[in-house]
Amino acid sequence: MTGHKKNDAGPKLLSGGNPQIPKGEGNIPVAAYITAMPEWKRDIGERLDALVVDVVPDVHKAVKWNQPFYGFEEDGWFLSFRCYTKYVQVQFFRGTSLAPVPPKASKHDEVRYLDIHEDEELDEDRLRSWIEQASRLPGENM
């Protein structure tokens, strides 16, 4: 193909190393996002995705606004995550209804965050509990 260069660089990374992935429904765009996560963040993305699927086997996935979303087609989204420079941020859309409430507040009343840093031990039991609780709450339609 004359005039066309094959680009093997993969998706562009936005500020904080967040992959720029086209909007899409299903596992394929979410897998593309996770594969494009830089360095240690990819492992966190793989673990988060596996936890959500393990806890909520019938979860619906999508990429919107350059981040993976998890929820149910008819009931909306309960969780998303994205890359920042020094951490991966998990967003619980109804976080103030979880027990215990995730540690980081948001400018949105119900949203709470969990920031996962590189050398931090992931509390998978607590994450499983939050994912399970969040999946039972009304989802956020976006």
# chains A, B, ... in the order shown; residues from 1 in each chain; ligands from 1
>>> residues_around(residues="segment 84-89 of chain A", least_positions_apart="4", cutoff="7 Å", atoms="only C-alpha atoms", output="list of chain:residue names")
A:Gly16, A:Gly17, A:Asn18, A:Lys41, A:Tyr113, A:Leu114, A:Asp115, A:Ile116, A:His117, A:Glu118
>>> closest_residue(among="A:Cys83, A:Ala50, A:Val101, A:Ala134", to="Gln20 of chain A", atoms="only C-alpha atoms")
A:Cys83
>>> closest_residue(among="A:Leu48, A:Leu137, A:Val53, A:Val90", to="Glu124 of chain A", atoms="only C-alpha atoms")
A:Leu48
>>> closest_residue(among="A:Lys107, A:Arg82, A:Lys12, A:Arg126", to="Phe69 of chain A", atoms="only C-alpha atoms")
A:Arg82
>>> select_by_dssp(residues="segment 8-142 of chain A", states="strand (DSSP E)", output="ChimeraX atom specification")
/A:24-25,60-64,67-72,76-83,87-92,104-105,112-117
>>> write_last_selection(atoms="N, CA, C and O atoms", output="short mmCIF file (atom, residue, chain, number, x, y, z; two decimals), in the first residue's frame")
data_model
loop_
_atom_site.label_atom_id
_atom_site.label_comp_id
_atom_site.auth_asym_id
_atom_site.auth_seq_id
_atom_site.Cartn_x
_atom_site.Cartn_y
_atom_site.Cartn_z
N GLY A 24 -17.17 2.09 22.34
CA GLY A 24 -17.68 0.82 21.84
C GLY A 24 -18.28 -0.01 22.95
O GLY A 24 -17.97 0.17 24.12
N GLU A 25 -19.16 -0.93 22.56
CA GLU A 25 -19.83 -1.83 23.50
C GLU A 25 -19.17 -3.20 23.48
O GLU A 25 -18.72 -3.65 22.43
N HIS A 60 -22.21 -6.22 31.63
CA HIS A 60 -22.09 -5.62 30.30
C HIS A 60 -20.93 -4.62 30.35
O HIS A 60 -20.82 -3.85 31.32
N LYS A 61 -20.09 -4.63 29.34
CA LYS A 61 -18.92 -3.75 29.30
C LYS A 61 -19.01 -2.79 28.13
O LYS A 61 -19.61 -3.11 27.10
N ALA A 62 -18.37 -1.64 28.29
CA ALA A 62 -18.27 -0.66 27.21
C ALA A 62 -17.10 0.27 27.49
O ALA A 62 -16.62 0.35 28.63
N VAL A 63 -16.64 0.94 26.45
CA VAL A 63 -15.70 2.04 26.61
C VAL A 63 -16.43 3.31 26.20
O VAL A 63 -17.03 3.38 25.12
N LYS A 64 -16.43 4.28 27.11
CA LYS A 64 -17.00 5.60 26.87
C LYS A 64 -16.03 6.61 27.46
O LYS A 64 -15.45 6.36 28.52
N GLN A 67 -12.60 5.35 28.87
CA GLN A 67 -12.48 4.53 30.07
C GLN A 67 -13.50 3.39 30.02
O GLN A 67 -14.57 3.55 29.45
N PRO A 68 -13.14 2.23 30.60
CA PRO A 68 -14.08 1.10 30.63
C PRO A 68 -15.21 1.35 31.63
O PRO A 68 -14.98 1.89 32.71
N PHE A 69 -16.41 0.93 31.23
CA PHE A 69 -17.59 1.00 32.08
C PHE A 69 -18.15 -0.41 32.25
O PHE A 69 -18.09 -1.22 31.32
N TYR A 70 -18.72 -0.67 33.42
CA TYR A 70 -19.30 -1.98 33.74
C TYR A 70 -20.71 -1.75 34.29
O TYR A 70 -20.91 -0.87 35.13
N GLY A 71 -21.65 -2.57 33.82
CA GLY A 71 -23.03 -2.43 34.29
C GLY A 71 -23.93 -3.45 33.62
O GLY A 71 -23.49 -4.55 33.26
N PHE A 72 -25.18 -3.06 33.46
CA PHE A 72 -26.18 -3.91 32.83
C PHE A 72 -26.89 -3.09 31.77
O PHE A 72 -27.25 -1.93 32.02
N GLY A 76 -28.10 0.35 33.53
CA GLY A 76 -27.07 1.37 33.64
C GLY A 76 -25.76 0.86 34.22
O GLY A 76 -25.57 -0.33 34.45
N TRP A 77 -24.85 1.78 34.46
CA TRP A 77 -23.46 1.49 34.85
C TRP A 77 -23.27 1.62 36.35
O TRP A 77 -23.83 2.52 36.96
N PHE A 78 -22.42 0.74 36.92
CA PHE A 78 -22.14 0.84 38.34
C PHE A 78 -20.69 1.16 38.65
O PHE A 78 -20.36 1.56 39.75
N LEU A 79 -19.79 1.00 37.67
CA LEU A 79 -18.36 1.17 37.93
C LEU A 79 -17.63 1.52 36.65
O LEU A 79 -18.01 1.08 35.56
N SER A 80 -16.55 2.30 36.78
CA SER A 80 -15.62 2.53 35.68
C SER A 80 -14.23 2.73 36.28
O SER A 80 -14.09 2.86 37.50
N PHE A 81 -13.22 2.74 35.43
CA PHE A 81 -11.87 3.10 35.91
C PHE A 81 -11.10 3.77 34.80
O PHE A 81 -11.46 3.69 33.63
N ARG A 82 -10.04 4.49 35.19
CA ARG A 82 -9.20 5.20 34.23
C ARG A 82 -7.81 5.41 34.80
O ARG A 82 -7.62 5.34 36.02
N CYS A 83 -6.86 5.68 33.93
CA CYS A 83 -5.46 5.90 34.32
C CYS A 83 -5.20 7.37 34.60
O CYS A 83 -5.62 8.24 33.83
N TYR A 87 -1.67 6.78 39.50
CA TYR A 87 -2.61 5.79 40.01
C TYR A 87 -3.65 5.43 38.96
O TYR A 87 -3.81 6.11 37.95
N VAL A 88 -4.36 4.33 39.24
CA VAL A 88 -5.55 3.96 38.49
C VAL A 88 -6.72 4.26 39.41
O VAL A 88 -6.73 3.85 40.57
N GLN A 89 -7.70 5.00 38.88
CA GLN A 89 -8.84 5.40 39.71
C GLN A 89 -10.07 4.57 39.35
O GLN A 89 -10.49 4.54 38.20
N VAL A 90 -10.63 3.92 40.38
CA VAL A 90 -11.88 3.17 40.23
C VAL A 90 -12.99 4.11 40.69
O VAL A 90 -12.91 4.71 41.76
N GLN A 91 -14.04 4.21 39.87
CA GLN A 91 -15.16 5.10 40.16
C GLN A 91 -16.40 4.25 40.41
O GLN A 91 -16.81 3.46 39.55
N PHE A 92 -16.98 4.42 41.59
CA PHE A 92 -18.24 3.77 41.94
C PHE A 92 -19.34 4.83 41.86
O PHE A 92 -19.34 5.79 42.65
N LYS A 104 -12.35 8.13 48.62
CA LYS A 104 -12.17 9.45 48.00
C LYS A 104 -13.50 10.02 47.51
O LYS A 104 -14.20 9.40 46.74
N ALA A 105 -13.79 11.24 47.98
CA ALA A 105 -15.03 11.93 47.59
C ALA A 105 -14.90 12.48 46.17
O ALA A 105 -13.82 12.58 45.61
N ARG A 112 -17.99 7.91 44.51
CA ARG A 112 -16.79 7.77 45.36
C ARG A 112 -15.72 7.06 44.55
O ARG A 112 -16.03 6.27 43.65
N TYR A 113 -14.46 7.33 44.90
CA TYR A 113 -13.32 6.79 44.16
C TYR A 113 -12.42 5.95 45.06
O TYR A 113 -12.34 6.18 46.26
N LEU A 114 -11.72 5.04 44.41
CA LEU A 114 -10.60 4.32 45.02
C LEU A 114 -9.42 4.51 44.09
O LEU A 114 -9.49 4.15 42.92
N ASP A 115 -8.35 5.13 44.59
CA ASP A 115 -7.13 5.31 43.81
C ASP A 115 -6.16 4.18 44.15
O ASP A 115 -5.86 3.95 45.33
N ILE A 116 -5.67 3.48 43.12
CA ILE A 116 -4.75 2.37 43.31
C ILE A 116 -3.38 2.79 42.77
O ILE A 116 -3.23 3.05 41.57
N HIS A 117 -2.40 2.88 43.67
CA HIS A 117 -1.05 3.30 43.30
C HIS A 117 -0.16 2.08 43.00
O HIS A 117 -0.50 0.96 43.38
#
>>> closest_residue(among="A:Arg47, A:Val56, A:Ala99, A:Asn66", to="Pro29 of chain A", atoms="only C-alpha atoms")
A:Asn66
>>> residues_around(residues="Val111 of chain A", least_positions_apart="4", cutoff="6 Å", atoms="only C-alpha atoms", output="CSV table (one decimal) with N, CA, C and O atoms, in the first residue's frame")
chain,number,residue,atom,x,y,z
A,92,PHE,N,-17.0,4.4,41.6
A,92,PHE,CA,-18.2,3.8,41.9
A,92,PHE,C,-19.3,4.8,41.9
A,92,PHE,O,-19.3,5.8,42.6
A,93,PHE,N,-20.3,4.7,40.9
A,93,PHE,CA,-21.3,5.7,40.7
A,93,PHE,C,-22.2,5.9,41.8
A,93,PHE,O,-22.7,7.0,42.0
A,94,ARG,N,-22.5,4.9,42.6
A,94,ARG,CA,-23.3,5.0,43.8
A,94,ARG,C,-22.5,4.7,45.0
A,94,ARG,O,-22.9,4.0,46.0
A,95,GLY,N,-21.3,5.2,45.0
A,95,GLY,CA,-20.3,4.9,46.1
A,95,GLY,C,-20.7,5.3,47.5
A,95,GLY,O,-20.3,4.6,48.4
A,106,SER,N,-16.1,12.8,45.6
A,106,SER,CA,-16.1,13.4,44.3
A,106,SER,C,-17.0,14.7,44.3
A,106,SER,O,-17.7,14.9,45.3
>>> closest_residue(among="A:Asp49, A:Asp43, A:Glu121, A:Glu132", to="Ala31 of chain A", atoms="only C-alpha atoms")
A:Asp49
>>> atom_distance(atom1="atom CA of Pro103 of chain A", atom2="atom CA of Leu122 of chain A")
14.0 Å
>>> atom_distance(atom1="atom CA of Pro57 of chain A", atom2="atom CA of Pro38 of chain A")
26.4 Å
>>> atom_distance(atom1="atom CA of Ala36 of chain A", atom2="atom CA of Pro19 of chain A")
5.9 Å
>>> select_by_dssp(residues="chain A", states="helix (DSSP H, G or I)", output="number ranges by chain")
A: 15-17, 27-36, 40-55, 95-97, 124-136
>>> closest_residue(among="A:Pro11, A:Pro100, A:Gly45, A:Pro138", to="Glu73 of chain A", atoms="only C-alpha atoms")
A:Pro138
